[in-house]
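*Asks:* One structure, as C-alpha cells, below. Some questions next.
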Amino acid sequence: MTPRESRQEHWDKYWDSAPAEEIYESVGDLAAELASRRDLVGARILEVGAGSGRDSLNLAELGAKVMVLDYSPSALRVVGTHDKANQLSLSRGDALALPFPDGSFDIVFHQGLLEHFRDPRLLLAENARVLKPGGLLLVDVPQRWHIYTLIKRVLILLNRWFAGWECSFSARELEGLLREQGLRPAGTYADWPVPGLFYRMLRKSLAMLGIKLPQHPRPIPVLGSLLERLRLGLRYRRLGHYSAMIIGCMAEKDGAGS
C-alpha cells in the first residue's frame with residue numbers, strides 16, 4: 001500500500017475536528033527556548049505552519065512582532081479564536097513560496113512541519129531566504145528513535161495516519177540538513193510531552209467510548225519532580241536527543257544582525 005501525501009484537506013479536517021482548548025499545546029516551550037537565545041522585544045518573527053498559535057502568542061507576549069502563516073484556513077481560524085489573537089498577523093500562503101521578501105525576519109520557526117515534506121531541503125531553503133543575516137531558524141520535529149515514531153509508521157503503512165504521511169529525523173540528520181542551507185547549528189534540544197504519550201493515547205481511546213479524562217492530570221509530586229529534573233538534565237545531551245519524542249535545532253544565518 002502506498003502511503004498518502006500530507007494534503008491541505010487533512011489539516012482542514014484536523015483543525016475542524018476539535019475545539020482549540022482540546023488540542024494539546026506544542027511539546028516544550030519554544031518561546032522560552034528562543035528567549036534564551038535572542039532579545040525578542042521588537043523582533044520580527046515568522047511561524048510557518050500555524051498549529052494552535054500558542055507559541056506565537058507567547059512570543060507576542062514577550063514583545064515580538066509575530067506573523068503566522070499557514071495554507072489551511074481552518075488552522076488560521078483556530079489561531080484567530082484565541083483571546084489575544086489580535087497581537088498576531090495572520091497570512092494564508094505556501095510554505096515553499098513564502099510571500100515575503102528576502103531577509104524579512106529576525107527569527108523563523110516551525111514545530112511539527114518539516115516532517116510532512118518529501119524533500120525537507122525545499123522548506124529549509126525558503127526559511128533561510130526570508131531570514132535576515134544573523135537571523136535564527138528553529139526547527140522542531142519528531143525524533144526518529146522513539147516509540148511514537150514506530151506507532152506512527154505502522155499507522156501510515158495502514159493508511160490510518162490523520163496527516164496522510166510524514167517522516168522523522170535524528171538530531172545529527174537535522175543538523176546536517178541545516179548546514180546544507182548555509183546555516184550554522186547553534187543548539188539542539190530534546191523534549192518530552194507532558195502529560196506523557198501513553199496518557200494521551202489512553203485519553204483519546206477512552207474518549208471514543210464516552211469516558212473523559214482530564215487533559216492535564218494532577219501530577220504525582222515526587223515523581224513529577226524527578227521526571228522534570230531528568231528532562232532538564234538530558235535536554236541538551238546526545239542521550240536526550242536519541243530518547244526524546246521531539247528534537248529541535250536552532251541555526252544561525254551568516255552575517256551581522258540588523
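The chains in the C-alpha cells are called A, B, ... from first to last as shown; in each chain the residues are counted from 1, and the ligands are counted from 1 in the order shown.
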Apply DSSP to the structure's backbone, then extract all residues of segment 112-205 of chain A labelled strand (DSSP E) and return them as a ChimeraX atom specification.
*Replies:* /A:131-142,183-191
*Asks:* Find the residues around Ala32 of chain A up to 12 Å (only C-alpha atoms counted), leave out those fewer than 6 positions away in its own chain, and share them as an mmCIF file with N, CA and C atoms, in the first residue's frame.
*Replies:*
```cif
data_model
loop_
_atom_site.group_PDB
_atom_site.id
_atom_site.type_symbol
_atom_site.label_atom_id
_atom_site.label_comp_id
_atom_site.auth_asym_id
_atom_site.auth_seq_id
_atom_site.Cartn_x
_atom_site.Cartn_y
_atom_site.Cartn_z
ATOM 1 N N ARG A 38 17.813 35.002 22.135
ATOM 2 C CA ARG A 38 17.709 36.314 21.494
ATOM 3 C C ARG A 38 16.840 37.261 22.319
ATOM 4 N N ASP A 39 17.091 38.559 22.136
ATOM 5 C CA ASP A 39 16.206 39.585 22.685
ATOM 6 C C ASP A 39 14.983 39.634 21.772
ATOM 7 N N LEU A 40 13.823 39.357 22.301
ATOM 8 C CA LEU A 40 12.623 39.238 21.482
ATOM 9 C C LEU A 40 11.833 40.539 21.348
ATOM 10 N N ASP A 55 2.415 29.090 20.565
ATOM 11 C CA ASP A 55 3.814 29.526 20.600
ATOM 12 C C ASP A 55 3.946 30.975 20.146
ATOM 13 N N SER A 56 3.256 31.317 19.076
ATOM 14 C CA SER A 56 3.326 32.686 18.561
ATOM 15 C C SER A 56 2.724 33.680 19.545
ATOM 16 N N ASN A 58 2.698 33.375 22.791
ATOM 17 C CA ASN A 58 3.684 33.533 23.865
ATOM 18 C C ASN A 58 4.803 34.478 23.455
ATOM 19 N N LEU A 59 5.231 34.373 22.204
ATOM 20 C CA LEU A 59 6.284 35.258 21.709
ATOM 21 C C LEU A 59 5.800 36.705 21.634
ATOM 22 N N GLU A 61 3.593 38.017 23.538
ATOM 23 C CA GLU A 61 3.530 38.492 24.913
ATOM 24 C C GLU A 61 4.893 38.971 25.400
ATOM 25 N N LEU A 62 5.955 38.428 24.811
ATOM 26 C CA LEU A 62 7.318 38.822 25.187
ATOM 27 C C LEU A 62 7.821 40.021 24.376
#
```
*Asks:* Report as a PyMOL selection string all protein, DNA and RNA residues lying within 6 Å of Arg235 of chain A, evaluated on only C-alpha atoms, omitting residues in the same chain fewer than 3 positions from it.
*Replies:* chain A and resi 189-190+231-232+240
*Asks:* Each residue of segment 22-89 of chain A with at least one atom at most 10 Å from segment 125-141 of chain A should appear once, together with its nearest atom pair and the corresponding distance in Å (one decimal); atoms considered: only C-alpha atoms; ordering: chain, then increasing residue number; output as a Markdown table.
*Replies:*
```
| residue | atom | partner | partner_atom | distance |
| --- | --- | --- | --- | --- |
| A:Ser26 | CA | A:Asp140 | CA | 9.8 |
| A:Val27 | CA | A:Asp140 | CA | 9.4 |
| A:Gly28 | CA | A:Asp140 | CA | 9.8 |
| A:Leu30 | CA | A:Leu138 | CA | 8.7 |
| A:Glu33 | CA | A:Leu138 | CA | 9.3 |
| A:Leu34 | CA | A:Leu138 | CA | 8.1 |
| A:Arg37 | CA | A:Leu136 | CA | 9.0 |
| A:Arg38 | CA | A:Leu136 | CA | 8.7 |
| A:Arg44 | CA | A:Lys132 | CA | 9.8 |
| A:Ile45 | CA | A:Leu131 | CA | 9.3 |
| A:Leu46 | CA | A:Val130 | CA | 9.1 |
| A:Glu47 | CA | A:Leu138 | CA | 9.7 |
| A:Val48 | CA | A:Asn127 | CA | 8.6 |
```
*Asks:* Measuring atom to atom with only C-alpha atoms, identify which of A:Leu96, A:Arg7, A:Asp102, A:Ile107 is nearest to Val41 of chain A.
*Replies:*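 That would be A:Ile107, the residue with the smallest distance to Val41 of chain A.
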*Asks:* Atom CA of Asp29 of chain A to atom CA of Ala163 of chain A: how many Å, to one decimal?
*Replies:* 23.3 Å
*Asks:* Compile the contact shell of Tyr236 of chain A as a tab-separated table (two decimals) with C-alpha atoms, in the first residue's frame: residues with an atom at most 12 Å away, counting only C-alpha atoms, same-chain residues fewer than 2 positions apart removed.
*Replies:*
```tsv
chain	number	residue	atom	x	y	z
A	33	GLU	CA	13.91	28.49	24.12
A	171	ALA	CA	19.49	15.02	15.70
A	186	ALA	CA	23.69	26.86	17.42
A	187	GLY	CA	21.99	24.41	19.76
A	188	THR	CA	19.97	21.20	19.72
A	189	TYR	CA	17.47	20.27	22.41
A	190	ALA	CA	15.20	17.35	23.34
A	191	ASP	CA	11.62	17.46	24.60
A	230	LEU	CA	15.69	14.12	34.40
A	231	ARG	CA	14.27	16.02	31.42
A	232	LEU	CA	16.32	19.10	32.22
A	233	GLY	CA	19.47	17.02	32.64
A	234	LEU	CA	19.06	15.32	29.26
A	238	ARG	CA	23.01	13.45	22.90
A	239	LEU	CA	21.41	10.80	25.10
A	240	GLY	CA	18.36	13.02	25.34
A	241	HIS	CA	18.41	13.67	21.60
A	242	TYR	CA	18.14	9.93	20.97
A	243	SER	CA	15.49	9.16	23.59
A	244	ALA	CA	13.10	12.12	23.44
A	247	ILE	CA	14.02	17.30	18.98
A	248	GLY	CA	14.66	20.86	17.93
A	249	CYS	CA	17.62	22.58	16.40
A	250	MET	CA	18.43	26.28	16.20
```
*Asks:* Which of these residues is nearest to Gln8 of chain A, using only C-alpha atoms: A:Ser89, A:Phe162, A:Phe105, A:Pro120?
*Replies:*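 Looking at the shortest contact to Gln8 of chain A, the residue is A:Phe162.
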